[in-house]
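Participant: I'd like to ask you about the structure that follows.
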Amino acid sequence: FAWVASNIRYDFRTYYSSNGSGRTDFKKMLRHGSGICVDYAALMDTLCSLAGIVNVSINGYAKDEIFDVHDSIYVDNHAWSAVRLDGLWYLYDVTWASGAVGYRFTRFSRFLLKLENLFPVKFKRKITWNKKLNFFDECGNEIKIPPTYKERFFNRMIRRILHLFPLKVEEYYTQKIDTSYYLTDPDLFSVTHFPDNPAWSLTARTKMRIFESDSAFYHLDESSYTGQKRSGRVCPDCDYDLSLDVVNKQHHLRNESFKFNKRNRFVSSLCEYRIGTLNFNNSKEISDSLPKITMLDTSLTYLQHSRTSLRNCFKNIDADFLLQKSKNKRKQMLLLSENRSHISFVKEKISTTIAKKRSVQSLGNRTTVASRKLKRRKGNIRRLKSEIFVDTKSVFSEQKLEQLNGYHGKKAAEIDSLTGLIEIYKTRFDSVFANLSLNIWQKVIHHDSLIAPIIKSTQLRKLLLDNLKKPVVETRKKITVYKDFYSRDIDNVVYAPSEFLADLGLEIINMIDRRNNFENDLFHTKLLLVKFNAMPIAELTIAKNLYQSENKSDYCWLRGQIPAIKALGKGFGTLRHMQVKAIRVIVKENEVERRRTHVVSKELLRRKKKYRRIVVHNARVTNVKLIEVKKEKRNYLNLLKKERRKAAKKI
């Protein structure tokens, strides 16, 4: 086993070009050191026979890279061995143990992926002019613009260059002994291998549907074979099959394989052809006419059955091809449907981001307009009268004076209330704004958490894995989790605070406008009270100073918010850019899935053509043998007629 697994390579050229013809040539096989599964099994039979070990080649079904759980299997496609050691039967597959076939990225593509990992998407804090100069606003406060981030130019340039080169995949073969398939546990072995005759599985399984729908195939990995118990089994049916002569063995295989899988007529046709050939060869050794004619008729019957079975093979081959092709197409449509929902989700977030950006920009515009209005109000306050003629002669009615005092007190209370609310709202606005500025850039910088599973899934698809393979399934499960987390997180830390911030900012501006209007009315009321000597004239100067102080505070606060709001708008713009990038990643996965579907469809078509070539070749061989048997029977009957005529003349 170890010598064959180490020194014989799998012959892919023969596998891809095989039409079912030819016999195993050991000299050629050992000279070139290559062969296919049938050659491996035949070589093991020969070596074990020379060593005095009972070894049997087994033909059957093996689950390949295209198989998925619950698929219908029409054709047996593999050969392995069973060996009897100390009275127990063991199973092993020297073909699969000699090396692994798989897909990997080419050397240059692996180099590109390595560079892409060395230069990931990175953001750096944007350097602004206020970092170099100490700039102060009209209030004497240093202008501090909130931090903004931009993608590192060098990393972005490298990644763009790398994306110009498409990743390519190659098929590879690794010749390395894999002891997983040496004297394997029959229950584990039967997950991927099952013989035409169920007895040689060394298990109790007798139905094809159980083999096709075994979910253990989905969970198989290296750990499944590492802890296996390499046990042999007592198999009376195997001993019985081994004790049969050649003809009865073919009858037994034909009956058992047909009961196990009626869709596979290849085995039936081969058994019928061999039975017919054996009967024809045996008839040559018989001199008695009646048994000889009987054996020739039996040979003709089985050869005709073989031809009928081969005709049915054409139907089964087409049915298998259509089923596999439709399944492959359904996988593609399944992914496109899933990604369509993912794209809709991202587009919804993009629409929300655009709406929030517009609301922030609207707040910035209103803030700019309000600051200009407060700047003009500064001059208006300066021009208010602080000196006025006091009329001491005129008598002001007590009722009118009481109304003015009441109105003055009411307006003053409203102004005080608004001023207190404005200060509270400003503090709250600053707190929410600081958190929002930090959160939005954090969502930008760590936005790859949304698309990381999709990128991984795309790379797996390039290796011809699909939506029913475990690595892809486990990867795509993360997409829903990440998507739900992303949705909740961005709604809670970005969208909801930005909406609240926009409403709060507009409310503060409206409250400032309303308070300023109240202050104008209050100042005119003060003028009337001072004019009629109901209030000291010094109150006007105090009011002007208070108004100027409040106006300056509001103006400085608004002017300080303008660059911060613009920076927030840039954050929403960058977030939208990253979300658009996520759509491009999803579209890229769709393109890769289309290419995978195309490659698999080509492989299915190749297999269809190969199986049809096998059927055509076997049909040709069967027809030649049928003609030979008919000719032999006709010649023998003619010979009998001549002998009877000679005998009649003598009489």
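Letters A, B, ... go to the chains of the structure tokens in the order shown; residues in each chain start at 1; ligands are counted from 1 in the same order.
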Report as a list in words all protein, DNA and RNA residues lying within 10 Å of Asp64 (chain A), evaluated on only C-alpha atoms, omitting residues in the same chain fewer than 6 positions from it.

Facilitator: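 Residues meeting the cut-off are Asn77, His78 and Thr192 of chain A.
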
Participant: May I have the selected residues written with N, CA and C atoms, as a compact mmCIF listing (two decimals), in the first residue's frame?

Facilitator:
```txt
# COMPACT_ATOMS: atom_id res chain seq x y z
N ASN A 77 -18.22 5.42 -10.54
CA ASN A 77 -17.12 6.21 -11.08
C ASN A 77 -15.77 5.94 -10.42
N HIS A 78 -15.66 4.88 -9.64
CA HIS A 78 -14.41 4.71 -8.91
C HIS A 78 -14.16 3.22 -8.66
N THR A 192 -18.32 8.06 1.83
CA THR A 192 -17.85 8.56 0.53
C THR A 192 -17.72 7.47 -0.52
```

Participant: I want to know what sits within 12 Å of Ala62 (chain A), based on only C-alpha atoms, with residues of the same chain fewer than 3 positions away left out; could you give that as a list in words?

Facilitator: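 In the requested format, the answer is Cys37, Ile58, Asn59, Glu65, Ile66, Phe67, Asp68, Ile73, Tyr74, Val75, Asp76, Asn77, His78, Ala79, Trp80, Asp93, Thr95, Trp96, Phe189, Ser190, Val191, Thr192, His193, Phe194, Pro195, Asp196, Phe211, Glu212 and Phe217 of chain A.
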
Participant: Neighbouring residues of region 315-324 of chain A were defined as those with any atom within 10 Å, considering only C-alpha atoms; residues of the same chain fewer than 5 positions away were excluded. Please report them as a PyMOL selection string.

Facilitator: chain A and resi 66-68+71-75+263-266+310+329-330+600-601+604-605+607-609+611-612+615

Participant: Between A:Tyr302, A:Tyr636, A:Phe153, A:Trp200, single out the one closest to Trp89 (chain A), counting only C-alpha atoms.

Facilitator: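 Residue with the minimum atom-to-atom distance to Trp89 (chain A): A:Trp200.
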
Participant: List every residue of region 230-338 of chain A that DSSP, applied to the backbone of this structure, assigns to helix (DSSP H, G or I), and report them as a PyMOL selection string.

Facilitator: chain A and resi 236-243+246-260+266-283+289-338

Participant: Using only C-alpha atoms, which protein or nucleic acid residues come within 7 Å of Tyr425 (chain A)? Drop anything in the same chain fewer than 4 positions from it, and give the result as a ChimeraX atom specification.

Facilitator: /A:421,429,508

Participant: Using DSSP on the backbone coordinates, identify the residues of region 172-334 of chain A assigned to strand (DSSP E); present them as a PDB file with N, CA and C atoms, in the first residue's frame.

Facilitator:
```
ATOM      1  N   TYR A 172      -4.351  21.392  -8.863  1.00  0.00           N
ATOM      2  CA  TYR A 172      -3.071  20.852  -8.435  1.00  0.00           C
ATOM      3  C   TYR A 172      -3.263  19.435  -7.883  1.00  0.00           C
ATOM      4  N   TYR A 173      -2.170  18.699  -7.895  1.00  0.00           N
ATOM      5  CA  TYR A 173      -2.170  17.329  -7.377  1.00  0.00           C
ATOM      6  C   TYR A 173      -0.993  17.191  -6.425  1.00  0.00           C
ATOM      7  N   THR A 174      -1.280  16.817  -5.202  1.00  0.00           N
ATOM      8  CA  THR A 174      -0.242  16.646  -4.196  1.00  0.00           C
ATOM      9  C   THR A 174      -0.036  15.158  -3.934  1.00  0.00           C
ATOM     10  N   HIS A 193     -17.639   6.199  -0.125  1.00  0.00           N
ATOM     11  CA  HIS A 193     -17.475   5.091  -1.056  1.00  0.00           C
ATOM     12  C   HIS A 193     -18.591   4.071  -0.833  1.00  0.00           C
ATOM     13  N   PHE A 194     -19.170   3.615  -1.932  1.00  0.00           N
ATOM     14  CA  PHE A 194     -20.144   2.534  -1.797  1.00  0.00           C
ATOM     15  C   PHE A 194     -20.069   1.661  -3.045  1.00  0.00           C
ATOM     16  N   PRO A 195     -20.005   0.333  -2.867  1.00  0.00           N
ATOM     17  CA  PRO A 195     -19.786  -0.569  -4.013  1.00  0.00           C
ATOM     18  C   PRO A 195     -21.072  -0.838  -4.789  1.00  0.00           C
TER      19      PRO A 195
END
```

Participant: Neighbouring residues of Pro120 (chain A) were defined as those with any atom within 12 Å, considering only C-alpha atoms; residues of the same chain fewer than 5 positions away were excluded. Please report them as a list in words.

Facilitator: Leu113, Lys114, Leu115, Glu151, Arg152, Phe153, Phe154, Asn155, Arg156, Met157, Ile158, Arg159, Arg160, Leu162, Ile445, His446 and Asp448 of chain A

Participant: May I have the selected residues written with N, CA, C and O atoms, as a CSV table (one decimal), in the first residue's frame?

Facilitator:
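Writing done, so here's selection.csv:
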```csv
chain,number,residue,atom,x,y,z
A,113,LEU,N,-2.5,38.3,-3.2
A,113,LEU,CA,-3.3,38.3,-1.9
A,113,LEU,C,-2.4,38.7,-0.7
A,113,LEU,O,-2.8,39.3,0.2
A,114,LYS,N,-1.1,38.2,-0.8
A,114,LYS,CA,-0.2,38.6,0.3
A,114,LYS,C,0.0,40.1,0.4
A,114,LYS,O,0.0,40.7,1.4
A,115,LEU,N,0.2,40.7,-0.8
A,115,LEU,CA,0.4,42.1,-0.9
A,115,LEU,C,-0.9,42.9,-0.4
A,115,LEU,O,-0.8,43.9,0.3
A,151,GLU,N,-8.5,58.0,3.6
A,151,GLU,CA,-7.8,56.7,3.3
A,151,GLU,C,-6.3,57.0,2.9
A,151,GLU,O,-6.1,58.0,2.2
A,152,ARG,N,-5.4,56.2,3.4
A,152,ARG,CA,-4.0,56.4,3.1
A,152,ARG,C,-3.8,56.3,1.6
A,152,ARG,O,-4.2,55.3,1.0
A,153,PHE,N,-3.2,57.3,1.0
A,153,PHE,CA,-3.0,57.3,-0.4
A,153,PHE,C,-2.2,56.1,-0.9
A,153,PHE,O,-2.6,55.5,-1.9
A,154,PHE,N,-1.1,55.8,-0.3
A,154,PHE,CA,-0.2,54.7,-0.8
A,154,PHE,C,-0.9,53.4,-0.7
A,154,PHE,O,-0.9,52.6,-1.7
A,155,ASN,N,-1.7,53.1,0.4
A,155,ASN,CA,-2.4,51.8,0.5
A,155,ASN,C,-3.5,51.8,-0.6
A,155,ASN,O,-3.7,50.7,-1.2
A,156,ARG,N,-4.2,52.9,-0.8
A,156,ARG,CA,-5.2,52.9,-1.8
A,156,ARG,C,-4.7,52.7,-3.2
A,156,ARG,O,-5.2,51.9,-4.0
A,157,MET,N,-3.5,53.3,-3.5
A,157,MET,CA,-2.9,53.2,-4.8
A,157,MET,C,-2.5,51.8,-5.0
A,157,MET,O,-2.7,51.2,-6.1
A,158,ILE,N,-1.8,51.2,-4.0
A,158,ILE,CA,-1.4,49.8,-4.2
A,158,ILE,C,-2.5,48.8,-4.4
A,158,ILE,O,-2.5,47.9,-5.3
A,159,ARG,N,-3.6,49.0,-3.6
A,159,ARG,CA,-4.8,48.1,-3.8
A,159,ARG,C,-5.4,48.3,-5.2
A,159,ARG,O,-5.9,47.3,-5.8
A,160,ARG,N,-5.5,49.5,-5.7
A,160,ARG,CA,-6.0,49.7,-7.0
A,160,ARG,C,-5.2,49.0,-8.1
A,160,ARG,O,-5.7,48.4,-9.0
A,162,LEU,N,-3.3,46.4,-7.5
A,162,LEU,CA,-3.5,44.9,-7.4
A,162,LEU,C,-4.8,44.5,-8.0
A,162,LEU,O,-4.8,43.3,-8.5
A,445,ILE,N,-14.1,53.7,9.4
A,445,ILE,CA,-12.8,53.0,9.5
A,445,ILE,C,-13.0,51.5,9.6
A,445,ILE,O,-12.2,50.7,9.0
A,446,HIS,N,-14.0,51.0,10.4
A,446,HIS,CA,-14.3,49.6,10.6
A,446,HIS,C,-15.4,49.1,9.7
A,446,HIS,O,-16.1,48.1,10.1
A,448,ASP,N,-15.2,47.5,7.0
A,448,ASP,CA,-15.0,46.2,6.4
A,448,ASP,C,-15.6,45.0,7.2
A,448,ASP,O,-15.7,43.9,6.6
```

Participant: If you count only C-alpha atoms, which residues fall within 9 Å of His32 (chain A), apart from same-chain ones fewer than 3 positions away, as a list in words?

Facilitator: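 The residues that qualify are Ile8, Arg9, Lys27, Lys28, Met29 and Gly35 of chain A.
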
Participant: Set out as CSV a contact list for region 546-618 of chain A and region 374-380 of chain A with a cut-off of 7 Å, giving each residue of region 546-618 of chain A that qualifies its closest atom pair and distance in Å to one decimal, counting only C-alpha atoms, ordered by chain and rising residue number.

Facilitator:
```
residue,atom,partner,partner_atom,distance
A:Gln548,CA,A:Lys378,CA,6.6
A:Asn551,CA,A:Leu374,CA,6.5
A:Tyr555,CA,A:Leu374,CA,5.9
```

Participant: Name all residues at most 10 Å from Ser371 (chain A) (count only C-alpha atoms; drop same-chain ones fewer than 2 positions away) and give them as a short mmCIF file (atom, residue, chain, number, x, y, z; two decimals) with C-alpha atoms, in the first residue's frame.

Facilitator:
```cif
data_model
loop_
_atom_site.label_atom_id
_atom_site.label_comp_id
_atom_site.auth_asym_id
_atom_site.auth_seq_id
_atom_site.Cartn_x
_atom_site.Cartn_y
_atom_site.Cartn_z
CA ASN A 365 -26.74 76.23 6.15
CA ARG A 366 -29.18 77.35 8.82
CA THR A 367 -26.29 77.76 11.25
CA THR A 368 -24.41 79.94 8.75
CA VAL A 369 -27.50 82.09 8.11
CA LYS A 373 -28.01 87.33 11.39
CA LEU A 374 -26.43 87.50 14.85
CA LYS A 375 -23.49 89.40 13.40
CA ARG A 376 -25.85 92.02 12.00
CA ARG A 377 -27.71 92.12 15.30
CA ILE A 509 -31.62 78.39 16.35
CA ASN A 551 -25.48 87.74 21.25
CA LYS A 552 -21.71 87.25 21.31
CA ASP A 554 -24.63 82.69 20.60
CA TYR A 555 -22.61 83.94 17.65
CA CYS A 556 -19.38 82.34 18.87
CA TRP A 557 -21.16 79.07 19.55
CA LEU A 558 -22.74 78.98 16.11
CA ARG A 559 -19.52 79.97 14.34
CA GLY A 560 -17.70 77.24 16.21
CA ILE A 562 -20.00 75.48 11.33
#
```

Participant: Looking at only C-alpha atoms, which of A:Leu450, A:Val629, A:Ser180, A:Ala355 is the one that sits closest to Asn281 (chain A)?

Facilitator: A:Val629

Participant: In Å, with one decimal, what is the gap from CA of Thr298 (chain A) to CA of Gly276 (chain A)?

Facilitator: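 Between CA of Thr298 (chain A) and CA of Gly276 (chain A) the gap works out to 6.8 Å.
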
Participant: Pick out the closest residue to His408 (chain A) from this set: A:Arg382, A:Arg488, A:His524, A:Arg205. Count only C-alpha atoms.

Facilitator: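 Among A:Arg382, A:Arg488, A:His524, A:Arg205, it is A:His524 that comes nearest to His408 (chain A).
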
Participant: Between A:Arg372, A:His251, A:Arg515, A:Lys331, which one has atoms that come closest to Gly420 (chain A), using only C-alpha atoms?

Facilitator: A:Arg515

Participant: Restricting the calculation to only C-alpha atoms: of A:Asp491, A:Glu499, A:Glu171, A:Asp466, which residue gets closest to Glu593 (chain A)?

Facilitator: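 Under the stated criterion, the closest residue is A:Asp466.
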
Participant: Could you tell me how far CA of Thr184 (chain A) sits from CA of Ala216 (chain A), in Å to one decimal place?

Facilitator: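 According to the coordinates, CA of Ala216 (chain A) and CA of Thr184 (chain A) are separated by 15.6 Å.
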